[in-house]
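Chemist: Got a structure for you, written out below as structure tokens; questions coming shortly.
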Protein chains: 2
Amino acid sequence: MIRSLTGRFVSRSALATLVVAASVLASRCPAVADEGMWLFNDLPRKELQTRHGFTPTDAWADHLRLASVRFNSGGSASFVSRDGLVLTNHHVGVDTIAKLSTADRDLLADGFLAERPEDELKAPDLELNQLIGIRDVTAEVKAAVTDALGPDEAVAARRARIAEIESREQKASGLRSDVITLYGGNVYHLYQFRRYTDVRLVWAPERAIAFFGGDADNFEFPRYDLDACLFRVWEEGRPAGIEHHLEWATEGVAEGDLVFVAGNPGRTQRLLTVDSLKEARDHQLPFEMDAIRRQEILLQQFSLAGSEAARRARDRLFGVQNGRKARGGALEGLLAPGLLERKVIEESGLKAAVGADAALRPLLAAWDAAAATARARTGLLGRGMPSGSRLLRIAITIVQLVEEDEKPSGERLPEYADAGRESLLLSLFSPAPLYDDLETTVLADALAELLERRGADDPLCTRILAGLAARDRAAVAVSESGLTDVAERRRLVGGGRAAVAASPDPLIRIARLVDPEVRRHRTLVDELVEEDRQAYDRIAKARFAIRGTTDYPDATFSLRLAFGTVQGYRERGRDVPAWTTIKGAFDHAAARAGQADFELPASWLAKRSVLDADMPLNFVCTADIIGGNSGSPVVDRAGRIVGLVFDGNIQSLSNGFVYSDEQSRAVAVDARAILHTLEVVYGAKRLVAEIRGRR
Amino acid sequence: MIRSLTGRFVSRSALATLVVAASVLASRCPAVADEGMWLFNDLPRKELQTRHGFTPTDAWADHLRLASVRFNSGGSASFVSRDGLVLTNHHVGVDTIAKLSTADRDLLADGFLAERPEDELKAPDLELNQLIGIRDVTAEVKAAVTDALGPDEAVAARRARIAEIESREQKASGLRSDVITLYGGNVYHLYQFRRYTDVRLVWAPERAIAFFGGDADNFEFPRYDLDACLFRVWEEGRPAGIEHHLEWATEGVAEGDLVFVAGNPGRTQRLLTVDSLKEARDHQLPFEMDAIRRQEILLQQFSLAGSEAARRARDRLFGVQNGRKARGGALEGLLAPGLLERKVIEESGLKAAVGADAALRPLLAAWDAAAATARARTGLLGRGMPSGSRLLRIAITIVQLVEEDEKPSGERLPEYADAGRESLLLSLFSPAPLYDDLETTVLADALAELLERRGADDPLCTRILAGLAARDRAAVAVSESGLTDVAERRRLVGGGRAAVAASPDPLIRIARLVDPEVRRHRTLVDELVEEDRQAYDRIAKARFAIRGTTDYPDATFSLRLAFGTVQGYRERGRDVPAWTTIKGAFDHAAARAGQADFELPASWLAKRSVLDADMPLNFVCTADIIGGNSGSPVVDRAGRIVGLVFDGNIQSLSNGFVYSDEQSRAVAVDARAILHTLEVVYGAKRLVAEIRGRR
């Protein structure tokens with residue numbers, strides 16, 4: 001599942017190492033493949049014309065952009081009706097579906113269908129974004145930073161300027177206004193979003209078919225998943241009217257067809273130097289894998305306590321397993337011969353050319369500088385604050401928020417600046433359930449991990465534990481904390497620093513203990529990011545001088561357009577066809593009889609006779625995607641929906657470092673299967689009519 | 001499950017760090033608890049008389065020793081009939097039960113009962129040991145090492161002397177003759193064993209009841225497991241006649257009763273210095289946990305391929321999960337307040353007294369020396385050769401064996417010396433099945449781990465991979481290797497170095513590549529062990545000078561006697577009774593309905609009406625046990641069997657570092673439940689009669 005790795009599912013310990021590497025201006029090499037995650041205001045029109053005989057018009061691009069939806073929680077989606085229907089993956093919606101579930105109403109297991117609009121279930125903390133406009137603000141941002149500034153001053157000055165632009169533009173437009181960093185800091189664009197925060201669940205199939213094959217089939221192909229669900233955005237108490245929504249291509253798509261994917265790829269690092277890639281391969285990714293496996297075993301153990309425990313942990317466990325598989329695949333890609341070899345050849349060619357030019361030669365030192373920051377980043381591994389505990393994150397957010405609020409927006413940590421404030425509060429004041437038993441387990445482990453990392457004699461550790469074992473400290477802190485109550489969170493935020501300082505809440509006290517350390521670590525990371533920025537800026541200059549053109553920027557969880565063709569591939573001497581069918585799902589279930597993750601839901605078994613066995617279920621295409629693209633619409637030349645991206649095959653997992661269309665494929669649910677099963681299995685005639693525009 | 005951690009289930013990477021810390025002459029403090037794993041030739045007669053009014057006679061002790069059985073694969077057992085019936089835990093026999101299973105005959109799932117002796121199933125590679133005699137050889141061993149020798153020379157000289165004694169005694173007696181290191185090298189005893197290698201499976205219950213509650217209930221109490229099975233030793237084609245076998249105490253045991261446990265505890269480290277314990281807590285155990293979680297996820301992923309894959313991996317997965325839980329508990333014990341505090345108080349008291357005595361004062365440096373070796377050991381973490389691959393272990397054994405064979409026994413690595421040769425060959429030439437798919441998976445991961453640890457650019461790594469990805473290299477090596485065929489292993493060993501050097505077998509070639517590195521690492525470890533030995537020798541001198549007496553030695557997987565009383569405990573304000581009953585098992589299953597690990601087997605469900613609901617099933621006692629004690633008989637004052645040790649509760653998991661009888665308990669199957677279910681559920685009347693001595 002190519003849910004964004006920047007989503008909330010990844011433990012902070014792992015994330016700490018992700019918030020790092022830079023990426024920069026690249027050479028636009030002759031297009032030999034369907035590569036690229038393109039900016040909507042800089043589409044590869046020439047490549048598209050040359051390779052596919054297609055030139056997108058501005059109207060085509062604007063419509064697709066405006067019909068595209070970003071799940072702020074980490075994922076992509078699209079509007080599919082004039083009444084605000086939003087199509088995304090089940091695994092993008094799963095966080096909300098889990099939050100809407102209780103011990104008595106397990107929507108993950110049983111699925112959900114709102115018979116009428118008034119039956120739709122309001123998500124507790126979901127924010128969807130529609131990208132209204134893009135503007136280049138590079139000059140304004142860069143003017144804030146002069147050569148005289150040191151790394152920490154440069155970070156502060158740039159941060160202040162960005163916050164200033166965001167505040168100003170938000171006030172002027174009323175829109176969420178984010179300055180997006182592109183090309184590793186060489187370009188800054190202002191993205192303005194309409195925010196939708198009244199988002200309601202309309203339909204979700206059972207997890208058994210949405211995630212058919214479970215962890216075993218995740219990132220594999222052939223695949224047989226109905227990984228889809230529908231939400232609706234509401235405004236002022238009624239379904240929002242949406243002008244730009246995608247039509248459904250009822251005739252579907254055929255092998256070789258040109259398709260487009262509009263979505264928010266989370267992060268690529270295609271321009272890392274070889275030395276930086278080796279640091280990732282030999283240190284950073286192995287470290288993250290250890291942290292993820294630790295989380296996975298922990299959540300598995302928690303789930304053993306019974307079916308209700310398993311239900312409570314399922315959503316997190318899925319996220320952890322997904323992250324483990326994604327990172328494991330990326331690591332395997334870096335370890336295998338070929339990928340790094342290509343990088344070495346490309347980089348040494350570039351460096352040789354730079355070295356041969358006396359004027360450029362001083363730029364060679366930039367590669368050493370990048371290697372030094374990569375090593376320094378490795379040195380920071382495990383120095384951050386581990387926390388899978390949502391309650392502790394809430395506590396830390398409150399402690400930081402009341403402190404940051406006393407500063408001007410531009411001097412705050414960026415996540416506390418005015419631009420993102422509403423989104424931050426939506427999340428902080430979410431009424432989504434928090435389970436004491438699960439929170440205790442993950443907090444106890446976070447504390448134990450902190451002890452292991454810092455050594456149990458560390459003064460911070462002994463202050464946090466206050467003479468108790470980690471497990472007991474966590475149990476006391478969670479049971480005595482008032483933070484499960486949203487009103488108490490509001491009270492603390494409203495009361496500001498004084499209220500927080502006076503609070504006897506044990507989690508607030510732990511958060512206050514760790515906050516200086518969290519900030520200290522953050523500063524170290526920020527400095528490395530800045531040093532990287534400067535090193536990669538010089539590498540980009542060298543690259544531009546030798547190669548002469550520009551390319552798409554690395555992914556940053558902002559809207560991009562990818563393109564490719566529907567196309568099978570060869571693997572271990574066998575042809576893998578581009579499609580699977582509904583019949584294939586039944587066959588696959590039969591072949592894996594007795595395995596829980598391969599049991600089709602009762603609804604499918606009951607309707608087998610009326611299901612169209614030959615109906616395409618999933619297909620693959622060569623579009624260049626990565627985590628965060630989950631839920632992206634796949635559209636045809638006419639901009640009509642033909643599929644719904646939900647996965648990449650195992651060969652695509654090194655896409656973060658290098659794209660190849662030899663075997664790497666995006667995996668999508670065929671749009672026809674969604675409509676067919678909505679009608680035949682789920683009896684959702686009203687929805688089908690709405691999607692078909694016949695309501 | 002308190003199977004020995006020195007057993008084969010732990011990956012070598014983890015083991016590498018276990019083959020380490022020393023333990024030494026201790027003070028015999030006033031007996032305040034039922035502490036101790038006592039040598040059969042140095043029983044705590046005074047303590048037993050003082051605390052329990054019981055003095056074992058020599059005849060009592062000799063009979064119990066001779067009726068005790070060591071599973072060479074890691075576990076304990078006892079003779080329970082004159083015709084060679086051996087009682088142990090199902091989880092001690094599980095390795096053999098798995099090896100005797102096939103895709104069509106899953107003895108783990110279905111259980112097994114031999115109707116007649118000729119139906120008993122011969123284990124492919126099981127060796128049982130009966131301890132015939134013990135003799136002190138300390139003076140002879142120590143005479144080989146003079147002060148003039150450096151650490152490496154001391155290791156070599158001692159090794160040579162031990163091999164010499166073992167060879168001589170083996171030739172003279174025909175018995176397996178092992179020199180056992182006690183008190184961390186202050187004392188050496190010659191243990192002489194009768195070996196039984198024709199061992200046959202007689203009865204095993206279904207895994208569903210043998211391991212009822214699965215990983216969730218492992219190391220928990222209350223517990224409801226029939227973790228028992230029966231083997232029989234044969235000699236010359238018929239059941240062996242066994243003079244010393246244990247009688248069954250038909251009336252059972254009552255609360256407060258004095259009981260004894262005879263078995264082979266694997267390893268304790270009760271005399272480690274505080275600094276060494278902190279190294280274990282902050283570095284060694286966390287490292288091992290990472291390695292274990294990696295194995296666990298790997299085997300889980302492998303098992304997802306289907307039920308046959310799951311069957312193939314089950315035995316290993318169990319071992320890994322068991323090791324994870326045991327080590328996790330030990331780490332939690334070290335991290336919790338209390339344990340280390342006690343150690344600090346005790347150690348600082350001792351050091352203060354040593355410091356106050358001018359003659360002893362120089363010995364204080366020994367604590368620093370021990371701390372230095374502990375830190376050095378931490379520095380070696382991850383420098384060994386990871387290998388969960390049995391095939392690669394076979395290959396390395398062959399490569400080393402043919403090289404070591406060219407040296408005199410005393411100069412070889414100890415495992416290749418004459419004394420253990422027959423046991424080594426039994427294992428090396430085992431016809432137990434090896435599965436290509438499983439071997440490929442674990443070898444691929446071992447290679448990937450090696451790449452991660454050494455950095456993928458390491459020359460050894462590139463030579464091993466030969467241009468392939470780890471996964472492909474492993475697939476080629478396993479599929480092209482002849483080592484699954486025992487005849488090929490024999491051919492290579494028979495052909496000696498020349499045959500091995502000429503072999504094109506890819507696994508042999510990999511083994512030859514890594515062997516120098518394995519040996520280099522081994523030497524580093526050996527030197528640390530020797531330095532530890534010398535440091536702890538001086539600490540022991542100081543301890544003896546201040547405290548004046550001696551105590552039991554740390555556990556070394558040699559036969560010991562523990563004692564205690566049957567006794568419940570208090571936990572989180574609740575009383576935990578000493579017993580569970582058969583009814584409790586049914587109640588527990590009902591409470592956990594829907595969870596696979598809590599489904600009682602069909603045989604129990606069918607016989608529910610005739611099962612005695614109030615029959616005691618499991619009980620706890622205060623005897624001092626640890627991993628390796630699994631399968632130990634629990635006997636009463638009359639030396640009759642009342643139970644079968646199979647587990648410790650969660651509180652016992654820090655027993656490796658310190659014993660406490662406040663909550664820590666050994667968990668046993670009640671002997672009455674074994675006979676009752678043998679008769680009522682399994683219809684094994686013949687066996688029951690044999691055990692009762694009525695045949």
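Letters A, B, ... mark the chains of the structure tokens in the order given; residue numbers begin at 1 per chain; ligand numbers begin at 1, in order shown.
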Write out as a ChimeraX atom specification every residue belonging to chain A that has an atom at most 6 Å from any atom of chain B, counting only C-alpha atoms.
Modeler: /A:216,282,290,304,336,452,455,469
Chemist: Please produce a file of the residues just selected, as an mmCIF file, in the first residue's frame, where the atoms kept are N, CA and C atoms.
Modeler:
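The resulting file, selection_37.cif, is reproduced below:
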data_model
loop_
_atom_site.group_PDB
_atom_site.id
_atom_site.type_symbol
_atom_site.label_atom_id
_atom_site.label_comp_id
_atom_site.auth_asym_id
_atom_site.auth_seq_id
_atom_site.Cartn_x
_atom_site.Cartn_y
_atom_site.Cartn_z
ATOM 1 N N ALA A 216 0.715 -10.508 3.163
ATOM 2 C CA ALA A 216 1.410 -11.399 2.214
ATOM 3 C C ALA A 216 1.374 -10.830 0.798
ATOM 4 N N ASP A 282 23.458 1.520 4.455
ATOM 5 C CA ASP A 282 24.225 0.819 5.488
ATOM 6 C C ASP A 282 23.812 1.186 6.908
ATOM 7 N N ASP A 290 14.801 -1.811 12.155
ATOM 8 C CA ASP A 290 14.786 -2.308 13.538
ATOM 9 C C ASP A 290 13.658 -1.653 14.330
ATOM 10 N N LEU A 304 -2.694 -9.981 20.790
ATOM 11 C CA LEU A 304 -2.934 -11.335 21.297
ATOM 12 C C LEU A 304 -3.881 -11.337 22.491
ATOM 13 N N ALA A 336 20.827 -4.505 -3.793
ATOM 14 C CA ALA A 336 20.982 -5.337 -4.985
ATOM 15 C C ALA A 336 21.938 -4.667 -5.967
ATOM 16 N N GLU A 452 16.746 2.388 26.560
ATOM 17 C CA GLU A 452 17.756 1.610 25.846
ATOM 18 C C GLU A 452 18.669 2.524 25.038
ATOM 19 N N GLY A 455 20.624 4.890 27.559
ATOM 20 C CA GLY A 455 21.191 4.243 28.734
ATOM 21 C C GLY A 455 20.282 4.564 29.906
ATOM 22 N N ALA A 469 9.052 1.297 37.079
ATOM 23 C CA ALA A 469 9.400 0.607 35.840
ATOM 24 C C ALA A 469 8.639 1.282 34.688
#
Chemist: Select from range 36-188 of chain A everything DSSP, run on the backbone, classes as strand (DSSP E), then give the selection as a PyMOL selection string.
Modeler: chain A and resi 38-39+68-71+75-79+85-88+112-113+121-122+128-136+176-182+187-188
Chemist: Got a sec: who's within 7 Å of range 112-114 of chain A, counting only C-alpha atoms, leaving out chain neighbours fewer than 2 positions off, as an MDAnalysis selection string?
Modeler: chainID A and resid 107 110 116:117 119:120 202:205
Chemist: Give the helix (DSSP H, G or I) residues of range 395-620 of chain A, as DSSP finds them on the backbone, and put them as a VMD selection string.
Modeler: chain A and resid 395 to 404 409 to 411 414 to 416 418 to 428 436 to 454 459 to 465 470 to 480 486 to 502 506 to 547 582 to 591 596 to 598 602 to 606 608 to 610
Chemist: Tell me which protein, DNA and RNA residues are within 10 Å of Ile162 in chain B, counting only C-alpha atoms, leaving out same-chain ones fewer than 5 positions away, and put them as a compact mmCIF listing (two decimals) with all heavy atoms, in the first residue's frame.
Modeler:
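And here's out09.txt as it stands now:
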# COMPACT_ATOMS: atom_id res chain seq x y z
N VAL B 137 38.66 -32.06 38.47
CA VAL B 137 39.94 -32.09 37.74
C VAL B 137 40.56 -30.70 37.72
O VAL B 137 41.37 -30.37 36.84
CB VAL B 137 39.77 -32.63 36.30
CG1 VAL B 137 39.41 -34.11 36.32
CG2 VAL B 137 38.70 -31.84 35.55
N GLU B 140 44.44 -30.40 37.76
CA GLU B 140 45.07 -30.83 36.51
C GLU B 140 44.88 -29.78 35.40
O GLU B 140 45.82 -29.50 34.64
CB GLU B 140 44.47 -32.17 36.07
CG GLU B 140 45.25 -32.80 34.92
CD GLU B 140 44.72 -34.18 34.52
OE1 GLU B 140 43.79 -34.69 35.19
OE2 GLU B 140 45.24 -34.73 33.54
N VAL B 141 43.72 -29.18 35.33
CA VAL B 141 43.49 -28.15 34.31
C VAL B 141 44.32 -26.91 34.61
O VAL B 141 45.01 -26.36 33.74
CB VAL B 141 41.99 -27.77 34.23
CG1 VAL B 141 41.78 -26.57 33.31
CG2 VAL B 141 41.17 -28.96 33.73
N LYS B 142 44.28 -26.48 35.87
CA LYS B 142 44.97 -25.23 36.21
C LYS B 142 46.48 -25.33 36.06
O LYS B 142 47.14 -24.32 35.78
CB LYS B 142 44.59 -24.81 37.64
CG LYS B 142 43.17 -24.26 37.73
CD LYS B 142 42.96 -23.41 38.97
CE LYS B 142 41.68 -22.61 38.84
NZ LYS B 142 41.35 -21.88 40.08
N ALA B 144 48.04 -26.38 33.75
CA ALA B 144 48.45 -26.10 32.37
C ALA B 144 48.69 -24.62 32.11
O ALA B 144 49.33 -24.24 31.15
CB ALA B 144 47.38 -26.62 31.40
N ALA B 156 44.75 -21.30 24.77
CA ALA B 156 45.24 -22.47 24.03
C ALA B 156 45.72 -23.56 24.99
O ALA B 156 45.40 -24.74 24.79
CB ALA B 156 46.36 -22.05 23.08
N ALA B 157 46.45 -23.15 26.02
CA ALA B 157 47.00 -24.14 26.95
C ALA B 157 45.88 -24.85 27.70
O ALA B 157 45.89 -26.07 27.88
CB ALA B 157 47.96 -23.46 27.93
N SER B 167 39.86 -36.78 26.17
CA SER B 167 40.23 -37.91 25.31
C SER B 167 40.63 -39.12 26.15
O SER B 167 40.17 -40.25 25.91
CB SER B 167 41.42 -37.55 24.42
OG SER B 167 41.05 -36.65 23.44
N ARG B 168 41.48 -38.84 27.10
CA ARG B 168 41.99 -39.92 27.95
C ARG B 168 40.85 -40.62 28.67
O ARG B 168 40.74 -41.85 28.64
CB ARG B 168 42.96 -39.31 28.97
CG ARG B 168 43.61 -40.30 29.89
CD ARG B 168 44.39 -39.55 30.97
NE ARG B 168 43.52 -38.90 31.93
CZ ARG B 168 43.81 -37.74 32.56
NH1 ARG B 168 44.93 -37.09 32.30
NH2 ARG B 168 42.95 -37.24 33.43
N ASP B 178 33.11 -34.96 29.42
CA ASP B 178 33.18 -33.50 29.23
C ASP B 178 33.77 -32.85 30.47
O ASP B 178 33.34 -33.13 31.59
CB ASP B 178 31.78 -32.91 29.03
CG ASP B 178 31.12 -33.37 27.72
OD1 ASP B 178 31.82 -34.00 26.90
OD2 ASP B 178 29.92 -33.10 27.55
N VAL B 179 34.74 -31.98 30.27
CA VAL B 179 35.22 -31.16 31.38
C VAL B 179 34.32 -29.92 31.44
O VAL B 179 34.22 -29.16 30.47
CB VAL B 179 36.70 -30.77 31.21
CG1 VAL B 179 37.11 -29.75 32.28
CG2 VAL B 179 37.58 -32.02 31.31
N ILE B 180 33.65 -29.77 32.56
CA ILE B 180 32.68 -28.68 32.74
C ILE B 180 33.37 -27.54 33.50
O ILE B 180 34.02 -27.77 34.52
CB ILE B 180 31.48 -29.18 33.58
CG1 ILE B 180 30.87 -30.45 32.98
CG2 ILE B 180 30.46 -28.06 33.78
CD1 ILE B 180 29.96 -30.22 31.82
N THR B 181 33.23 -26.36 32.96
CA THR B 181 33.80 -25.18 33.61
C THR B 181 32.80 -24.62 34.62
O THR B 181 31.66 -24.32 34.26
CB THR B 181 34.11 -24.11 32.55
OG1 THR B 181 35.02 -24.65 31.59
CG2 THR B 181 34.71 -22.87 33.18
N TYR B 188 36.99 -27.00 37.72
CA TYR B 188 36.70 -27.84 36.55
C TYR B 188 36.31 -29.23 37.03
O TYR B 188 37.03 -29.84 37.82
CB TYR B 188 37.93 -27.93 35.63
CG TYR B 188 38.29 -26.58 35.06
CD1 TYR B 188 39.15 -25.72 35.74
CD2 TYR B 188 37.74 -26.14 33.85
CE1 TYR B 188 39.47 -24.47 35.25
CE2 TYR B 188 38.05 -24.89 33.34
CZ TYR B 188 38.91 -24.06 34.04
OH TYR B 188 39.21 -22.82 33.54
N LEU B 190 35.03 -33.13 35.75
CA LEU B 190 34.86 -34.08 34.65
C LEU B 190 33.50 -34.73 34.80
O LEU B 190 33.22 -35.37 35.81
CB LEU B 190 35.97 -35.13 34.68
CG LEU B 190 35.82 -36.27 33.65
CD1 LEU B 190 36.05 -35.75 32.24
CD2 LEU B 190 36.79 -37.41 33.98
N SER B 409 43.89 -33.22 18.85
CA SER B 409 42.62 -32.87 19.48
C SER B 409 42.74 -31.63 20.36
O SER B 409 41.87 -30.76 20.34
CB SER B 409 42.12 -34.05 20.31
OG SER B 409 40.91 -33.73 20.95
N GLY B 410 43.81 -31.52 21.10
CA GLY B 410 43.96 -30.42 22.06
C GLY B 410 44.15 -29.06 21.41
O GLY B 410 43.99 -28.04 22.06
N PRO B 414 37.30 -26.28 20.52
CA PRO B 414 36.82 -27.32 21.45
C PRO B 414 35.71 -28.19 20.88
O PRO B 414 35.66 -29.39 21.17
CB PRO B 414 36.31 -26.52 22.64
CG PRO B 414 37.02 -25.22 22.59
CD PRO B 414 37.29 -24.94 21.14
N ALA B 417 37.03 -31.24 19.19
CA ALA B 417 37.91 -32.16 19.92
C ALA B 417 37.26 -33.54 19.99
O ALA B 417 36.07 -33.70 19.71
CB ALA B 417 38.17 -31.61 21.33
N ALA B 419 36.32 -35.47 22.34
CA ALA B 419 35.26 -35.78 23.30
C ALA B 419 33.86 -35.63 22.72
O ALA B 419 32.98 -36.46 22.96
CB ALA B 419 35.40 -34.89 24.54
